[in-house]
Each structure stands twice: as C-alpha cells, then as structure tokens.
$ cat coords_4.tsv   # TSV, C-alpha atoms
chain	number	residue	atom	x	y	z
A	1	MET	CA	114.37	104.88	90.31
A	2	LYS	CA	113.64	105.81	93.89
A	3	HIS	CA	113.46	102.86	96.25
A	4	VAL	CA	110.08	102.64	97.95
A	5	SER	CA	110.01	100.40	101.04
A	6	VAL	CA	107.47	97.61	100.73
A	7	LEU	CA	104.95	96.96	103.53
A	8	LEU	CA	106.65	99.74	105.47
A	9	HIS	CA	104.07	100.56	108.13
A	10	GLU	CA	102.79	96.98	108.40
A	11	THR	CA	106.30	95.70	109.18
A	12	VAL	CA	107.18	98.31	111.80
A	13	ASP	CA	103.71	98.25	113.39
A	14	LEU	CA	103.84	94.46	113.81
A	15	LEU	CA	107.16	94.73	115.64
A	16	ASN	CA	105.35	96.52	118.52
A	17	VAL	CA	108.28	98.89	118.88
A	18	LYS	CA	109.19	99.91	122.43
A	19	PRO	CA	110.72	103.42	122.71
A	20	ASP	CA	113.59	102.06	124.80
A	21	GLY	CA	113.99	98.78	122.90
A	22	ILE	CA	116.94	97.28	121.03
A	23	TYR	CA	116.22	96.37	117.41
A	24	VAL	CA	117.97	94.90	114.37
A	25	ASP	CA	117.47	95.64	110.70
A	26	GLY	CA	119.06	92.69	108.91
A	27	THR	CA	118.73	94.26	105.46
A	28	LEU	CA	119.24	98.00	105.80
A	29	GLY	CA	119.07	98.90	102.11
A	30	ARG	CA	118.45	102.63	101.81
A	31	GLY	CA	117.04	102.89	105.32
A	32	GLY	CA	113.30	103.10	104.65
A	33	HIS	CA	112.15	100.64	107.32
A	34	ALA	CA	115.01	101.72	109.59
A	35	GLY	CA	113.96	105.36	109.42
A	36	LEU	CA	110.39	104.64	110.47
A	37	LEU	CA	111.49	102.35	113.31
A	38	ILE	CA	114.02	104.88	114.60
A	39	SER	CA	111.31	107.56	114.67
A	40	LYS	CA	109.55	105.48	117.34
A	41	LEU	CA	112.63	105.23	119.59
A	42	THR	CA	113.58	107.51	122.48
A	43	THR	CA	116.41	105.82	124.35
A	44	GLY	CA	116.31	102.71	122.17
A	45	HIS	CA	118.82	101.71	119.50
A	46	LEU	CA	118.90	100.06	116.07
A	47	TYR	CA	121.70	97.85	114.76
A	48	ALA	CA	121.56	97.86	110.96
A	49	PHE	CA	123.20	95.20	108.77
A	50	ASP	CA	123.92	95.24	105.05
A	51	LYS	CA	126.41	93.45	102.80
A	52	ASP	CA	126.41	96.37	100.39
A	53	GLU	CA	128.75	99.20	101.46
A	54	GLN	CA	127.07	101.56	99.01
A	55	ALA	CA	123.71	100.94	100.71
A	56	ILE	CA	125.24	101.72	104.11
A	57	ALA	CA	126.80	104.93	102.79
A	58	GLU	CA	123.48	106.10	101.34
A	59	SER	CA	121.56	105.13	104.48
A	60	ARG	CA	124.04	106.99	106.64
A	61	GLU	CA	123.11	110.10	104.68
A	62	ASN	CA	119.37	109.33	104.72
A	63	LEU	CA	119.44	108.79	108.49
A	64	LYS	CA	121.88	111.61	109.29
A	65	ASP	CA	119.49	113.20	111.78
A	66	SER	CA	119.33	109.99	113.87
A	67	LEU	CA	122.89	108.68	113.83
A	68	ASP	CA	122.99	108.53	117.62
A	69	LYS	CA	120.28	105.85	117.49
A	70	VAL	CA	121.79	103.56	114.85
A	71	THR	CA	124.91	101.44	114.48
A	72	PHE	CA	125.83	100.36	110.94
A	73	ILE	CA	127.33	96.90	110.44
A	74	HIS	CA	128.79	95.86	107.08
A	75	ASN	CA	128.13	92.14	107.15
A	76	ASP	CA	125.65	89.42	106.26
A	77	PHE	CA	122.81	89.06	108.76
A	78	ARG	CA	123.70	85.38	109.14
A	79	TYR	CA	126.45	86.61	111.50
A	80	MET	CA	124.03	88.64	113.60
A	81	GLN	CA	124.79	87.08	116.96
A	82	GLU	CA	128.56	87.26	116.52
A	83	GLU	CA	128.47	90.89	115.40
A	84	LEU	CA	126.08	92.04	118.14
A	85	SER	CA	128.18	90.33	120.81
A	86	ARG	CA	130.94	92.82	119.96
A	87	TYR	CA	128.60	95.53	121.26
A	88	GLY	CA	127.59	93.54	124.34
A	89	VAL	CA	124.15	92.79	122.91
A	90	GLU	CA	122.81	89.33	123.77
A	91	HIS	CA	119.06	89.90	123.39
A	92	VAL	CA	116.95	92.24	121.26
A	93	ASP	CA	113.32	93.31	121.17
A	94	GLY	CA	112.83	92.85	117.46
A	95	VAL	CA	114.40	91.98	114.11
A	96	MET	CA	113.20	92.90	110.64
A	97	MET	CA	114.37	91.67	107.23
A	98	ASP	CA	113.36	92.93	103.79
A	99	LEU	CA	114.85	90.27	101.54
A	100	GLY	CA	116.07	90.32	97.96
A	101	VAL	CA	117.60	93.06	95.86
A	102	SER	CA	116.68	96.70	96.33
A	103	SER	CA	115.51	98.92	93.47
A	104	PRO	CA	118.77	100.96	93.47
A	105	GLN	CA	120.77	97.75	93.01
A	106	PHE	CA	118.55	96.64	90.12
A	107	ASP	CA	118.59	100.10	88.54
A	108	ASP	CA	122.36	100.58	88.68
A	109	PRO	CA	123.53	99.06	85.36
A	110	LYS	CA	127.09	98.49	86.52
A	111	ARG	CA	125.93	96.13	89.29
A	112	GLY	CA	124.85	93.58	86.66
A	113	PHE	CA	121.69	92.46	88.46
A	114	SER	CA	119.21	93.30	85.71
A	115	TYR	CA	118.46	91.89	82.28
A	116	ARG	CA	117.17	95.35	81.33
A	117	TYR	CA	120.67	96.89	81.12
A	118	ASP	CA	123.76	95.70	79.31
A	119	ALA	CA	126.57	95.33	81.83
A	120	ARG	CA	129.26	92.91	82.93
A	121	LEU	CA	127.78	89.93	84.74
A	122	ASP	CA	128.22	90.71	88.44
A	123	MET	CA	125.21	90.44	90.82
A	124	ARG	CA	127.29	90.72	94.00
A	125	MET	CA	125.56	92.37	96.93
A	126	ASP	CA	128.91	92.49	98.73
A	127	GLN	CA	131.33	93.82	96.15
A	128	GLU	CA	134.29	92.73	98.25
A	129	GLN	CA	133.56	89.05	97.64
A	130	SER	CA	135.28	87.28	94.73
A	131	LYS	CA	132.46	85.10	93.36
A	132	ASP	CA	130.25	86.89	90.87
A	133	ALA	CA	127.77	85.93	88.15
A	134	TRP	CA	130.50	85.94	85.48
A	135	GLN	CA	132.36	83.23	87.40
A	136	VAL	CA	129.23	81.11	87.85
A	137	VAL	CA	128.18	81.36	84.20
A	138	ASN	CA	131.64	80.79	82.76
A	139	THR	CA	133.25	78.27	85.11
A	140	TYR	CA	130.55	76.15	86.74
A	141	PRO	CA	130.20	72.62	85.30
A	142	TYR	CA	127.08	71.85	83.29
A	143	GLN	CA	125.48	69.75	86.06
A	144	ASP	CA	125.95	72.52	88.61
A	145	LEU	CA	124.29	75.00	86.27
A	146	VAL	CA	121.33	72.66	85.85
A	147	ARG	CA	121.03	72.26	89.63
A	148	ILE	CA	121.14	76.02	90.24
A	149	LEU	CA	118.59	76.82	87.55
A	150	ARG	CA	116.24	74.09	88.80
A	151	GLU	CA	116.55	74.76	92.52
A	152	TYR	CA	116.90	78.52	92.60
A	153	GLY	CA	115.10	79.51	89.40
A	154	GLU	CA	112.49	76.73	89.42
A	155	ASP	CA	113.01	76.73	85.66
A	156	ARG	CA	111.48	73.93	83.60
A	157	TYR	CA	114.05	74.62	80.86
A	158	ALA	CA	117.07	74.37	83.15
A	159	VAL	CA	118.68	71.59	81.09
A	160	GLN	CA	118.26	73.43	77.81
A	161	ILE	CA	119.58	76.74	79.18
A	162	ALA	CA	122.57	75.08	80.88
A	163	ARG	CA	123.42	73.25	77.68
A	164	ALA	CA	123.18	76.47	75.67
A	165	ILE	CA	125.50	78.22	78.14
A	166	GLU	CA	127.95	75.33	77.89
A	167	HIS	CA	127.98	75.47	74.10
A	168	ARG	CA	128.23	79.25	73.92
A	169	ARG	CA	131.18	79.55	76.30
A	170	GLN	CA	133.19	77.14	74.15
A	171	GLU	CA	133.38	80.02	71.66
A	172	GLY	CA	134.46	82.47	74.35
A	173	PRO	CA	133.30	83.81	77.70
A	174	ILE	CA	129.79	85.16	78.25
A	175	ASP	CA	130.74	88.56	79.60
A	176	THR	CA	127.57	90.66	79.77
A	177	THR	CA	123.94	90.50	80.80
A	178	PHE	CA	122.72	90.98	77.23
A	179	GLN	CA	125.00	88.20	75.96
A	180	LEU	CA	123.49	85.90	78.58
A	181	VAL	CA	119.95	86.97	77.66
A	182	ASP	CA	120.69	86.04	74.02
A	183	VAL	CA	121.91	82.61	75.11
A	184	ILE	CA	118.78	82.05	77.23
A	185	ARG	CA	116.52	83.10	74.36
A	186	SER	CA	118.28	80.69	72.03
A	187	ALA	CA	117.54	77.80	74.40
A	188	LEU	CA	113.80	78.41	74.76
A	189	PRO	CA	110.99	77.25	72.46
A	190	GLU	CA	109.23	79.95	70.50
A	191	LYS	CA	106.05	79.74	72.59
A	192	GLU	CA	108.01	80.65	75.75
A	193	LEU	CA	109.44	83.78	74.15
A	194	HIS	CA	105.96	85.17	73.61
A	195	LYS	CA	104.71	84.63	77.15
A	196	LYS	CA	104.21	87.51	79.57
A	197	GLY	CA	107.34	88.38	81.53
A	198	HIS	CA	110.98	88.40	80.57
A	199	PRO	CA	112.38	85.01	79.44
A	200	ALA	CA	115.57	85.54	81.47
A	201	LYS	CA	113.88	86.33	84.79
A	202	GLN	CA	114.19	82.88	86.36
A	203	THR	CA	117.78	82.39	85.22
A	204	PHE	CA	118.86	85.76	86.59
A	205	GLN	CA	117.12	85.01	89.90
A	206	ALA	CA	118.90	81.66	90.15
A	207	LEU	CA	122.30	83.19	89.45
A	208	ARG	CA	121.76	86.00	91.96
A	209	ILE	CA	120.80	83.53	94.70
A	210	GLU	CA	123.87	81.41	93.95
A	211	VAL	CA	126.27	84.36	93.84
A	212	ASN	CA	125.05	85.76	97.16
A	213	ASP	CA	124.34	82.42	98.88
A	214	GLU	CA	120.94	83.88	99.72
A	215	LEU	CA	119.02	80.82	100.89
A	216	ASP	CA	121.75	79.46	103.18
A	217	SER	CA	122.18	82.97	104.55
A	218	LEU	CA	118.44	83.27	105.16
A	219	GLU	CA	118.14	79.89	106.87
A	220	ARG	CA	120.95	80.67	109.30
A	221	GLY	CA	119.89	84.30	109.68
A	222	LEU	CA	116.38	83.34	110.73
A	223	ARG	CA	117.72	81.05	113.46
A	224	GLU	CA	120.18	83.70	114.61
A	225	ALA	CA	117.47	86.35	114.71
A	226	CYS	CA	114.98	84.26	116.64
A	227	GLY	CA	117.70	83.11	119.02
A	228	LEU	CA	118.37	86.75	119.90
A	229	LEU	CA	114.77	87.65	120.70
A	230	ASP	CA	113.90	88.60	124.25
A	231	LEU	CA	110.53	87.63	125.74
A	232	HIS	CA	107.76	89.07	123.51
A	233	GLY	CA	110.36	90.11	120.98
A	234	ARG	CA	109.31	89.71	117.35
A	235	CYS	CA	110.94	88.87	114.03
A	236	ALA	CA	109.31	90.26	110.87
A	237	VAL	CA	110.41	89.03	107.42
A	238	ILE	CA	109.35	90.24	103.96
A	239	THR	CA	109.92	87.77	101.11
A	240	PHE	CA	109.60	88.27	97.36
A	241	HIS	CA	109.65	84.80	95.82
A	242	SER	CA	108.39	81.33	96.67
A	243	LEU	CA	111.76	79.89	97.73
A	244	GLU	CA	112.26	82.57	100.37
A	245	ASP	CA	108.67	82.43	101.58
A	246	ARG	CA	108.68	78.64	101.84
A	247	LEU	CA	111.86	78.74	103.93
A	248	VAL	CA	110.50	81.42	106.27
A	249	LYS	CA	107.13	79.69	106.59
A	250	THR	CA	108.75	76.32	107.37
A	251	THR	CA	111.21	77.79	109.89
A	252	PHE	CA	108.54	79.78	111.70
A	253	LYS	CA	106.21	76.77	111.79
A	254	ASP	CA	108.98	74.63	113.26
A	255	LEU	CA	109.83	77.21	115.91
A	256	SER	CA	106.18	77.71	116.89
A	257	SER	CA	105.39	74.00	117.19
A	258	ALA	CA	105.75	72.08	120.45
A	259	PRO	CA	108.12	69.11	120.39
A	260	PHE	CA	106.40	65.86	119.42
A	261	VAL	CA	105.50	63.55	122.29
A	262	ALA	CA	104.27	60.04	121.59
A	263	PRO	CA	100.66	59.61	122.79
A	264	LYS	CA	101.62	56.57	124.86
A	265	ILE	CA	104.00	58.56	127.06
A	266	PRO	CA	102.13	59.32	130.32
A	267	LEU	CA	102.64	63.07	130.73
A	268	LYS	CA	100.32	65.59	132.31
A	269	ALA	CA	99.57	68.77	130.40
A	270	ASP	CA	101.83	70.84	132.63
A	271	GLN	CA	104.68	68.39	132.08
A	272	MET	CA	104.66	68.70	128.31
A	273	GLU	CA	107.20	71.05	126.72
A	274	GLN	CA	105.59	74.02	125.02
A	275	ALA	CA	106.69	75.92	121.94
A	276	SER	CA	108.83	78.98	122.60
A	277	PHE	CA	107.37	80.99	119.72
A	278	LEU	CA	103.96	82.04	118.44
A	279	LEU	CA	102.99	82.91	114.88
A	280	VAL	CA	101.70	86.49	114.96
A	281	ASN	CA	100.04	86.05	111.57
A	282	LYS	CA	99.23	82.56	110.31
A	283	LYS	CA	98.70	83.92	106.82
A	284	PRO	CA	101.19	86.39	105.33
A	285	VAL	CA	100.39	90.09	105.27
A	286	MET	CA	100.31	91.42	101.71
A	287	ALA	CA	100.14	94.88	100.17
A	288	ASP	CA	96.79	96.65	100.01
A	289	GLU	CA	95.27	98.03	96.81
A	290	GLN	CA	96.88	101.45	97.21
A	291	GLU	CA	100.38	100.08	97.63
A	292	LEU	CA	99.89	97.62	94.77
A	293	ALA	CA	98.99	100.54	92.52
A	294	GLU	CA	101.89	102.74	93.68
A	295	ASN	CA	104.72	100.21	94.02
A	296	HIS	CA	105.10	97.40	91.50
A	297	ARG	CA	107.65	95.62	93.72
A	298	SER	CA	104.96	95.05	96.35
A	299	HIS	CA	102.99	92.60	94.19
A	300	SER	CA	105.03	89.56	95.23
A	301	ALA	CA	105.78	90.69	98.80
A	302	LYS	CA	104.70	88.57	101.78
A	303	LEU	CA	105.26	89.53	105.42
A	304	ARG	CA	105.46	86.90	108.16
A	305	VAL	CA	105.98	87.64	111.86
A	306	ILE	CA	106.84	85.44	114.83
A	307	GLU	CA	107.03	86.26	118.57
A	308	ARG	CA	108.97	84.67	121.41
A	309	ILE	CA	106.53	83.76	124.18
A	310	ARG	CA	108.78	81.71	126.48
A	311	GLY	CA	112.19	80.13	126.84
A	312	VAL	CA	114.59	83.09	127.14
$ encode --input "coords_4.tsv" --output "structure tokens"
Amino acid sequence: MKHVSVLLHETVDLLNVKPDGIYVDGTLGRGGHAGLLISKLTTGHLYAFDKDEQAIAESRENLKDSLDKVTFIHNDFRYMQEELSRYGVEHVDGVMMDLGVSSPQFDDPKRGFSYRYDARLDMRMDQEQSKDAWQVVNTYPYQDLVRILREYGEDRYAVQIARAIEHRRQEGPIDTTFQLVDVIRSALPEKELHKKGHPAKQTFQALRIEVNDELDSLERGLREACGLLDLHGRCAVITFHSLEDRLVKTTFKDLSSAPFVAPKIPLKADQMEQASFLLVNKKPVMADEQELAENHRSHSAKLRVIERIRGV
C-alpha cells in the first residue's frame, strides 16, 4: 500500500516555512512531508531523522532531485540536539514530527508490526536494536506484561491477556503474530470478539510502544525540538493515539504557560516572567472530509503546533 502523508499541507503551512530557513523532520518516513517542505526552500536546508534505515533509503530515492537541500540522519529524534551539533546547527526555524508507524512498515509482513499478516514477532523501527516484540512477549515477567498492556494499550483485559501469554509460553515460545493473536482471542470474553475492530489492536499497540520506547522518546524529543527553536520557530506534531496526543498536549501547555507566581508576591506586570512559547492552535487540527474519505489513517490524526515567542 502506498503511504499517503496525513495532514500534509496543514503541517507544512503551519510551520510558516522561510525559503532560507533551517528545518528538521524528526520522522522522515518515506519523505512525504519532507518533500513538500523542501519545495518551499531556496537556500534553506532540512535535516531528516529516522530510526528505520529502509525508510531513509526509500526517501533518498523519493527526494533524489533535492539531495542538496537535505541531510539524512539515522537516529531517534530524541537525540536531535546532539546530532545537529555535529553539523554546527544550534537553532532551527521549525521541526515537524509525524508519529507512529508508517503504512509501508505496517504493510511489510516481515516487519511483524501487523496482526493482519503472519510473521515473526518483531515490531522494531530500528532493526539494528536487539529488543523486539518476540523478546517482550516471551521473556517479560507477568507483572511487566500487565503494566505494558494497561499503560500503553489502555486495555481493560490486560490481566487476562498477560496471564494467557504466561500460560501459553510454558508450552513453548510464541513466535509469530498469528500465534499471539490466537492467545489474545483465547483470553477475551465472547462479547469482545464480536465488537468492531480487531481484538488484538490494543495489545499490538502496547508491544510496539514498548519495543521502540516511543513515549520516552517522544517526551525527550519534544523538549529537544522546542529547545532548538529560534525566535518565531515552530514545532508541529501529528499524533495518532490518545497517549501520544496527551503527552504532546501536556508538554505544549507546560511550555506555553508562564511560571506560577504567588499572588502575595509584590511584582509589577513587567517584572513577571512570561512564557517563552505560544500555542498556535489551542485545539488540534484534524483531517477534513476529503482526506478522511481518501486516507483511512487520517481518522485518528491530530496536529498540534507551538511557536517560540521569546527566550532564545
């Protein structure tokens, strides 16, 4: 399946791209957002991060006519500041992040992300790392499985699924996605199996987040990104599930709020410290009717944008 970039024009438009600006794509993927941003640059430059070497290779081909305007970096965006310092970059004019797993990753059976294909449990975005979904499912203690399924999958049947995994792996390892789906089905009450949506969706989400350390990466990455922003620079983030969106919303609210000062402290207005950031959109931007009809992945997408207004 071809990967269609979600909220493509909305994201790039809200970055207020300057032709000579320096920008970062924290989640390059197949280069959809990057390609549109690069088309607006003259002397500017884009630094593009991705943990997936295959994504970088495909983007290099997709962006072959603009390679002089892009630098590819194979690393997690949580290390943005460290990586950019190698290129002498201390401030940027904008950062964008399109979180989660791309369609090509989901649709490649051998990557083990999807419950729709039978494959070895994997789910690694960076295939050089050792921890994969097989390791989590087959070696994590019962209590850790419960925690992961509750926190990252928000699954009301976390205890039952973790117990079923524990029992099943006593007979032998759970090697494949379909084997895991069977275990999950066995743990759920009949009424859950007939509900809309796949019964393994929340478990697979939880495992993917654990394998790729997605929430810790996002929390640090957001701080790194906003710390890099020059005056009037913007950070635009697209999320696809409630855990991501809650983290982005909370971080942006914190950054755009002035430090608390007790009412009894006698300070004049011009003496009070002001927030360094401003929320560009207080409510998230979501896909319009046309995009919803053309791109199923856009249904859960939310775009939030923040701008540095002082304090560089």
$ closest_residue --input "coords_4.tsv" --among "A:Leu14, A:Leu228, A:Ala158, A:Leu292" --to "A:Val89" --atoms "only C-alpha atoms"
A:Leu228
$ residues_near_point --input "coords_4.tsv" --point "(101.1, 88.8, 95.0)" --cutoff "10 Å" --atoms "all atoms listed in the file" --output "list in words"
Phe240, His241, Met286, Ala287, Leu292, Arg297, Ser298, His299, Ser300, Ala301 and Lys302 of chain A
$ atom_distance --input "coords_4.tsv" --atom1 "atom CA of A:Ser85" --atom2 "atom CA of A:Lys69"
17.7 Å
$ closest_atom_pairs --input "coords_4.tsv" --of "stretch 109-169 of chain A" --to "stretch 53-56 of chain A" --cutoff "12 Å" --atoms "all atoms listed in the file" --output "JSON lines"
{"residue": "A:Arg111", "atom": "CA", "partner": "A:Gln54", "partner_atom": "CA", "distance": 11.2}
{"residue": "A:Arg124", "atom": "CA", "partner": "A:Glu53", "partner_atom": "CA", "distance": 11.4}
{"residue": "A:Met125", "atom": "CA", "partner": "A:Glu53", "partner_atom": "CA", "distance": 8.8}
{"residue": "A:Asp126", "atom": "CA", "partner": "A:Glu53", "partner_atom": "CA", "distance": 7.2}
{"residue": "A:Gln127", "atom": "CA", "partner": "A:Glu53", "partner_atom": "CA", "distance": 8.0}
{"residue": "A:Glu128", "atom": "CA", "partner": "A:Glu53", "partner_atom": "CA", "distance": 9.1}
{"residue": "A:Gln129", "atom": "CA", "partner": "A:Glu53", "partner_atom": "CA", "distance": 11.9}
$ write_last_selection --input "coords_4.tsv" --atoms "C-alpha atoms" --output "PDB file, in the coordinates of the input"
ATOM      1  CA  ARG A 111     125.930  96.130  89.290  1.00  0.00           C
ATOM      2  CA  ARG A 124     127.290  90.720  94.000  1.00  0.00           C
ATOM      3  CA  MET A 125     125.560  92.370  96.930  1.00  0.00           C
ATOM      4  CA  ASP A 126     128.910  92.490  98.730  1.00  0.00           C
ATOM      5  CA  GLN A 127     131.330  93.820  96.150  1.00  0.00           C
ATOM      6  CA  GLU A 128     134.290  92.730  98.250  1.00  0.00           C
ATOM      7  CA  GLN A 129     133.560  89.050  97.640  1.00  0.00           C
TER       8      GLN A 129
END
$ atom_distance --input "coords_4.tsv" --atom1 "atom CA of A:Arg78" --atom2 "atom CA of A:Asp216"
8.6 Å
$ residues_near_point --input "coords_4.tsv" --point "(118.8, 86.2, 88.2)" --cutoff "9 Å" --atoms "all atoms listed in the file" --output "ChimeraX atom specification"
/A:113-115,123,133,153,200-209
$ residues_around --input "coords_4.tsv" --residues "stretch 24-35 of chain A" --least-positions-apart "4" --cutoff "7 Å" --atoms "only C-alpha atoms" --output "VMD selection string"
chain A and resid 5 8 39 46 to 50 55 58 to 59 62 to 63 77 94 to 99 102
$ atom_distance --input "coords_4.tsv" --atom1 "atom CA of A:Asp213" --atom2 "atom CA of A:Val137"
15.2 Å
$ closest_residue --input "coords_4.tsv" --among "A:Asn75, A:Gln160, A:Ser276, A:Thr176" --to "A:Asn138" --atoms "all atoms listed in the file"
A:Thr176
$ residues_around --input "coords_4.tsv" --residues "A:Arg246" --least-positions-apart "3" --cutoff "12 Å" --atoms "only C-alpha atoms" --output "count of residues only"
19
$ closest_residue --input "coords_4.tsv" --among "A:Ile22, A:Val12, A:Leu121, A:Val159" --to "A:Gln179" --atoms "all atoms listed in the file"
A:Leu121
